[in-house]
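Novice: Before I ask anything, here is the structure I am working with.
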Amino acid sequence: MSETAHVREQRVRKRWESNNTFKQSIEKREGKQTYVFYEGPPTANGLPHAGHALGRTMKDFVARYKTMSGYQVLRKAGWDTHGLPVELEVQKQLNLKGKDDIKAYGIEAFIEKCKESVFTYEREWRHFTEALGYWVDMDDPYVTLQNPYIESVWNILSTIHRKDMLYKGHRVVPYCPNCETSLSSHEVAQGYKDVTDLSATAKFLMEGTENEYLLGWTTTPWTLPSNVAIAVNPDMTYVKVEKDEEVYVVAEALAEKLLGESPKIVAKLKGSELVGSKYDPPFDYLHLNRGHEVIGASFVTDSSGTGLVHMAPAHGDDDYQAIRESGLDFVNVVDSKGRYTEEIGPLAGRFVKDCDVDIVKMLAHNGRLFSKERYEHSYPHCWRCDSPLLYYAMEGWFIETTKVKYQLIANNQEVDWHPSHMREGRFGKFLENVVDWNIGRNRFWGTPLNVWECDSCDKQESPASIAELRERADQELGEDIELHKPFVDGITFTCECGGKMHRTSEVIDVWFDSGSMPFAQYHYPFENKELMNKQFPADVVIEGVDQTRGWFYSLLAVSTLFTGKAPYKRVLSLGHILDENGQKMSKSKGNALNPVELIEEFGADSLRWALLADSAPWNNKRFSKKTVSQTKSKVIDTLANVHSFYKMYAEIDRFNPKTVENGTATKLDEWILSRLNTVIAEVTKSLDAYDVTKGARTIASFLDEISNWYIRRSRARFWANGMDADKRAAYHTLYEVLTKTTQLMAPFAPFLSDEVYTDLAGNSVHLSDYPTANTSLVNAELEHEMDAVRQVVELTRSIRNQTSLKTKQPLAQLAVVPLKQSANLEAYRAIIAEETNVKTILLDANQHQYVSQQVKLNFPVAGPKLGKSVGLVQKMITQFGDTQTQQFLDAGKMILNLENDQIVELEKEDIILENNPLPGFEFAEGDDYLVVLDTNVTTELKEEGFVREFIRAVQVYRKELDLPVEKRVHLTINATEHVQDILTRFESFMKNHVLIDSLSFAKTDEMKYFNVEGEGVYLNIHM
Ligand SMILES: [Zn+2]
Ligand SMILES: [Zn+2]
């Protein structure tokens, strides 16, 4: 084959394009049962990598397999187009440092740039997708930035808002008051520094008492003015302790530490008894509707502090959640620059972190300081500007996913996960810990959050469609409405109170975009209602395991919120592609494989097969160029070679399966047809269970059986002159095997399988039905026998390899010793003889005639057991004869009387059985057979070996001369008398093995020199 796999695949692709094969494959299943597939949208502003190759291969595999199995599988492509990565890319391009730069540049212009950037690599994606053979409708994709898509997303958000599950709330995050931005956990980790701070234990006066105080400890005294509650653990025991005419409430376990030895305990009570108590806080700047009371929280411990925790909801995530759940007020007295607001009179305008000392002084002055302490700790600082970070409540929009938590969990229970442990494991655990979905982003490029708020009365409205927006808008909105920022921000409503309503400035989390695709891809509910219902829920979604918190979750969450139902019946969660050393691939490490380059070098069929067959797709897999190149030579090239073998002879003989009548099947034909149908059944079973790896491996080993057994053993039948019954059977059999095998392979290797199938059957394999097994052709006994024959041949070859006895060298005898229940090989004696090139085959031989068995001690096991007697035992058993050895092996144990009068019992695990061939023999042992080869080469055998090597030289020469395989020739030889003598004696043998009409010895012009087994031979071939 001079043409590369890549060139072949390009040709097949052109044929698909001009025949509209993909479209045809879908239209052909019109009215059939649907198999619903959802495409997870990639972003086209980055290049595809090896992980995408696995994902897209698996998606295409499933869709093609289901289509061939009779389903209609629509495949709508999608593009994820919004979000921060796009903004960052544009910022880099325009050299804009932050939000202020963007505003200065102009939001309208910036958004225009984002739109342009989104499809930077669309061409590369299309090329990659097509080259890989991934059939997906890229001419009519869903695109998250388009108005119909946004309108559907708005409809979903509006529905959630009307259910009162979309609310404005807070989220406590690490925050730099200098940069005025929150930091990711990754950024926080970069800036820890050791500092000395002041901690304080403050006194909270219990309501209705003169002198009873709750003691609350804090490492951030500056948060005390923001106090809203004290948290206790309802299950912990607390005590009231009297000291210096005051009474303090602390955890029982901490009383001594805080109040000295033998504290005077006046009461003991459960935390739950404290819950609900009111108190007077140390600072009285705040006037709350609900607050300054004791709440219960399970995170409170008695390992440090007082066992009572001061709660400031604006400065701790635990605090925020606990206070929200208790229904107390949220307050924040710190502005966005980290300064106290006007409410905190004496400290207003000062940076809070600088006020710890003043706060402690004020506590002392008010009689509310119990104790203070300097301590050293590691505190996070901004990695950009070095200022200390604050935990700070940022305002934001949330979807109350916690409210549907149990429905999310119940929906997940119905999903068939691959791998199955995902359901209860990684995904299930994530659902158990679900928090409200922080949906808003203070950015520019995204689906704008469709909530309008009244400036006067705080009323909210969420339009559910463009029509509703038009109706409510104070402005005239044109036909060509633009739904992105900044246009949509200019639209106002008039509130029923008379006030103006403005859109809240946020855009939404892009995961909500992609999670809405089951509905938004069809512009539901505005269009395609019937289609959407038919295409919901998905039978399968397929993405990398990293989508657990991403798309797998957002799909489930959006659908559960919107419809109450799970959006998919099945999830295939794929592992990562690692390099050959098990390292994650990355551009910066330089170990990333470029899938397009792999396709150009080895072909997409090889890449796909390697990805699917190498290991289960759910596993992280070590992957390299070598894996692909090995797959090419083992699988793809094997099919190509088998096909070109068939094609070559079928052309010579003008074989047409439709017109040539059937022949007389041989055992070999029956065998390969039996194997074919067994393989079809096994592969279908694996693939229906989504075990693609097992399916691929079953096919690969069948290909080996076709190529290295069926065709090897059938070559002479195809060479034969004329078209007898035997040859016709060979043709029909190989035709059947090849067509069905290419159908089996089609979802894995869509290009070559289509090339071969089209050549054989005249139409595309992807328009055909996946083969079903014809069980009447399965002969298990025959398969068992042939398998035994192949084992025997393989074992014999391995002996020849070890002893450097070439297969061309005939040998006298092979003894086959069955180790287990053996197949009856009588009928295969000739095949074994021919394949092994041995004159006599002895079946059911007794190994003792060729192999002596010696028993030796297994020292690691027997040594400790026998102690000092080990030497005596060793001496005794090495003298065992065959009879004793056999007795021992039969009984599984033996009692020995040692020279020193000791008696020991030996068991099987105490010994190692060593087989040694008798002189002149070599043996090899497999699972079911032991074979013994007589390695003695007599003069006669040596001469025959020479003749076989000579024949090989003739064949090499024929090939060089490019002679047609079926052409008979005249052979002239110039060689020593010795060689002439041998060749003369073997003349008829030669004529049987190579197509020679006549043989003569002479010296002529243009002779070619060959070295045959050390003898110089000159040849001339003429017709
Ligand atoms: Zn900073
Ligand atoms: Zn209003």
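Residues are named by chain letter and number: chains run A, B, ... in the order of the structure tokens, numbers start at 1 in each chain, and ligands are numbered from 1 in the order shown.
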Could you list, with a cut-off of 7 Å and counting only C-alpha atoms and all ligand atoms, the residues of chain A near ligand 1, each shown with its nearest atom pair and the distance in Å rounded to one decimal, rows sorted by chain and ascending number, as a tab-separated table?
Specialist:
residue	atom	partner	partner_atom_place_in_ligand_line	distance
A:Cys176	CA	ligand 1	1 (Zn)	4.7
A:Pro177	CA	ligand 1	1 (Zn)	6.7
A:Asn178	CA	ligand 1	1 (Zn)	4.9
A:Cys179	CA	ligand 1	1 (Zn)	4.2
A:Cys382	CA	ligand 1	1 (Zn)	4.6
A:Trp383	CA	ligand 1	1 (Zn)	6.7
A:Arg384	CA	ligand 1	1 (Zn)	5.1
A:Cys385	CA	ligand 1	1 (Zn)	4.2
A:Asp386	CA	ligand 1	1 (Zn)	6.1
A:Ser387	CA	ligand 1	1 (Zn)	5.8
Novice: Fewer than 2 positions away in the same chain doesn't count, so skip those; otherwise give me all residues within 12 Å of His978 in chain A, counting only C-alpha atoms, as a PDB file with C-alpha atoms, in the first residue's frame.
Specialist:
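Written output follows (part-v9.pdb):
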ATOM      1  CA  GLU A 943      18.860 -30.898   2.762  1.00  0.00           C
ATOM      2  CA  PHE A 946      18.075 -26.060   2.251  1.00  0.00           C
ATOM      3  CA  ASN A 974      24.057 -21.868 -11.599  1.00  0.00           C
ATOM      4  CA  ALA A 975      25.419 -23.517  -8.435  1.00  0.00           C
ATOM      5  CA  THR A 976      27.938 -26.026  -7.081  1.00  0.00           C
ATOM      6  CA  GLN A 980      22.718 -29.221  -8.054  1.00  0.00           C
ATOM      7  CA  ASP A 981      22.597 -32.708  -6.631  1.00  0.00           C
ATOM      8  CA  ILE A 982      20.236 -31.694  -3.822  1.00  0.00           C
ATOM      9  CA  LEU A 983      17.955 -29.651  -6.085  1.00  0.00           C
ATOM     10  CA  THR A 984      17.729 -32.467  -8.623  1.00  0.00           C
ATOM     11  CA  ARG A 985      16.630 -34.884  -5.966  1.00  0.00           C
ATOM     12  CA  GLU A1015      25.854 -21.559  -0.499  1.00  0.00           C
ATOM     13  CA  GLY A1016      26.186 -19.095  -3.410  1.00  0.00           C
ATOM     14  CA  VAL A1017      23.440 -19.615  -5.992  1.00  0.00           C
TER      15      VAL A1017
END
Novice: Tell me which protein, DNA and RNA residues are within 12 Å of Ser776 in chain A, counting only C-alpha atoms, leaving out same-chain ones fewer than 6 positions away, and put them as a ChimeraX atom specification.
Specialist: /A:670,673-678
Novice: Using N, CA and C atoms, can you write the selected residues to a file as a short mmCIF file (atom, residue, chain, number, x, y, z; two decimals), in the first residue's frame?
Specialist:
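Written out: again.cif:
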data_model
loop_
_atom_site.label_atom_id
_atom_site.label_comp_id
_atom_site.auth_asym_id
_atom_site.auth_seq_id
_atom_site.Cartn_x
_atom_site.Cartn_y
_atom_site.Cartn_z
N GLU A 670 -15.77 -23.74 7.91
CA GLU A 670 -16.78 -23.87 8.98
C GLU A 670 -16.28 -23.22 10.26
N LEU A 673 -16.34 -19.33 10.05
CA LEU A 673 -17.73 -18.85 10.09
C LEU A 673 -18.32 -19.03 11.49
N SER A 674 -17.93 -20.10 12.15
CA SER A 674 -18.37 -20.30 13.53
C SER A 674 -17.79 -19.20 14.42
N ARG A 675 -16.50 -18.96 14.23
CA ARG A 675 -15.85 -17.89 15.00
C ARG A 675 -16.52 -16.55 14.72
N LEU A 676 -16.78 -16.25 13.46
CA LEU A 676 -17.41 -14.98 13.10
C LEU A 676 -18.70 -14.78 13.89
N ASN A 677 -19.52 -15.81 13.92
CA ASN A 677 -20.81 -15.65 14.60
C ASN A 677 -20.69 -15.62 16.11
N THR A 678 -19.72 -16.34 16.63
CA THR A 678 -19.45 -16.23 18.07
C THR A 678 -18.98 -14.81 18.40
#
Novice: Which residues, written as a VMD selection string, have at least one atom at most 6 Å from Leu971 in chain A, with only C-alpha atoms counted and residues fewer than 5 positions away on the same chain left out?
Specialist: chain A and resid 999 1020 to 1021
Novice: Have a look at CA of Ser272 in chain A and CA of Lys257 in chain A and let me know their distance in Å, one decimal.
Specialist: 22.8 Å
Novice: I'd like the neighbourhood of Ser629 in chain A as a list in words, where a residue qualifies if any of its atoms comes within 12 Å (using only C-alpha atoms), though same-chain residues fewer than 5 positions away should be ignored.
Specialist: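 Once the nearby chain positions are removed, what remains is Ala5, Leu598, Ile599, Glu600, Glu601, Phe602, Gly603, Ala604, Asp605, Ser606, Leu607, Arg608, Trp609, Ala610, Leu611, Phe623, Ser624, Lys634, Val635, Ile636 and Asp637 of chain A.
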Novice: As a PDB file with N, CA, C and O atoms, in the first residue's frame, please: the residues near Lys1008 in chain A (cut-off 9 Å, only C-alpha atoms, same-chain neighbours under 2 positions excluded).
Specialist:
ATOM      1  N   TYR A 957      12.777 -13.418  -5.585  1.00  0.00           N
ATOM      2  CA  TYR A 957      13.173 -12.959  -6.913  1.00  0.00           C
ATOM      3  C   TYR A 957      11.937 -12.674  -7.779  1.00  0.00           C
ATOM      4  O   TYR A 957      11.847 -11.658  -8.463  1.00  0.00           O
ATOM      5  N   GLU A1006      22.775 -12.172 -17.088  1.00  0.00           N
ATOM      6  CA  GLU A1006      21.787 -11.589 -16.169  1.00  0.00           C
ATOM      7  C   GLU A1006      21.298 -12.569 -15.126  1.00  0.00           C
ATOM      8  O   GLU A1006      20.118 -12.845 -15.006  1.00  0.00           O
ATOM      9  N   PHE A1010      22.199 -15.205  -5.018  1.00  0.00           N
ATOM     10  CA  PHE A1010      21.570 -15.371  -3.699  1.00  0.00           C
ATOM     11  C   PHE A1010      22.475 -16.188  -2.808  1.00  0.00           C
ATOM     12  O   PHE A1010      23.140 -17.113  -3.277  1.00  0.00           O
ATOM     13  N   VAL A1017      24.301 -19.083  -4.929  1.00  0.00           N
ATOM     14  CA  VAL A1017      23.440 -19.615  -5.992  1.00  0.00           C
ATOM     15  C   VAL A1017      23.090 -18.477  -6.952  1.00  0.00           C
ATOM     16  O   VAL A1017      22.760 -17.378  -6.506  1.00  0.00           O
ATOM     17  N   TYR A1018      23.191 -18.721  -8.264  1.00  0.00           N
ATOM     18  CA  TYR A1018      22.813 -17.719  -9.261  1.00  0.00           C
ATOM     19  C   TYR A1018      21.527 -18.167  -9.943  1.00  0.00           C
ATOM     20  O   TYR A1018      21.397 -19.332 -10.305  1.00  0.00           O
ATOM     21  N   LEU A1019      20.583 -17.250 -10.075  1.00  0.00           N
ATOM     22  CA  LEU A1019      19.272 -17.606 -10.637  1.00  0.00           C
ATOM     23  C   LEU A1019      18.920 -16.731 -11.841  1.00  0.00           C
ATOM     24  O   LEU A1019      19.305 -15.568 -11.904  1.00  0.00           O
ATOM     25  N   ASN A1020      18.165 -17.345 -12.741  1.00  0.00           N
ATOM     26  CA  ASN A1020      17.544 -16.575 -13.811  1.00  0.00           C
ATOM     27  C   ASN A1020      16.131 -17.090 -14.005  1.00  0.00           C
ATOM     28  O   ASN A1020      15.908 -18.293 -14.099  1.00  0.00           O
TER      29      ASN A1020
END
Novice: To one decimal place, how far is CA of Gly276 in chain A from CA of Pro234 in chain A in Å?
Specialist: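 Computed distance, CA of Gly276 in chain A to CA of Pro234 in chain A, equals 11.0 Å.
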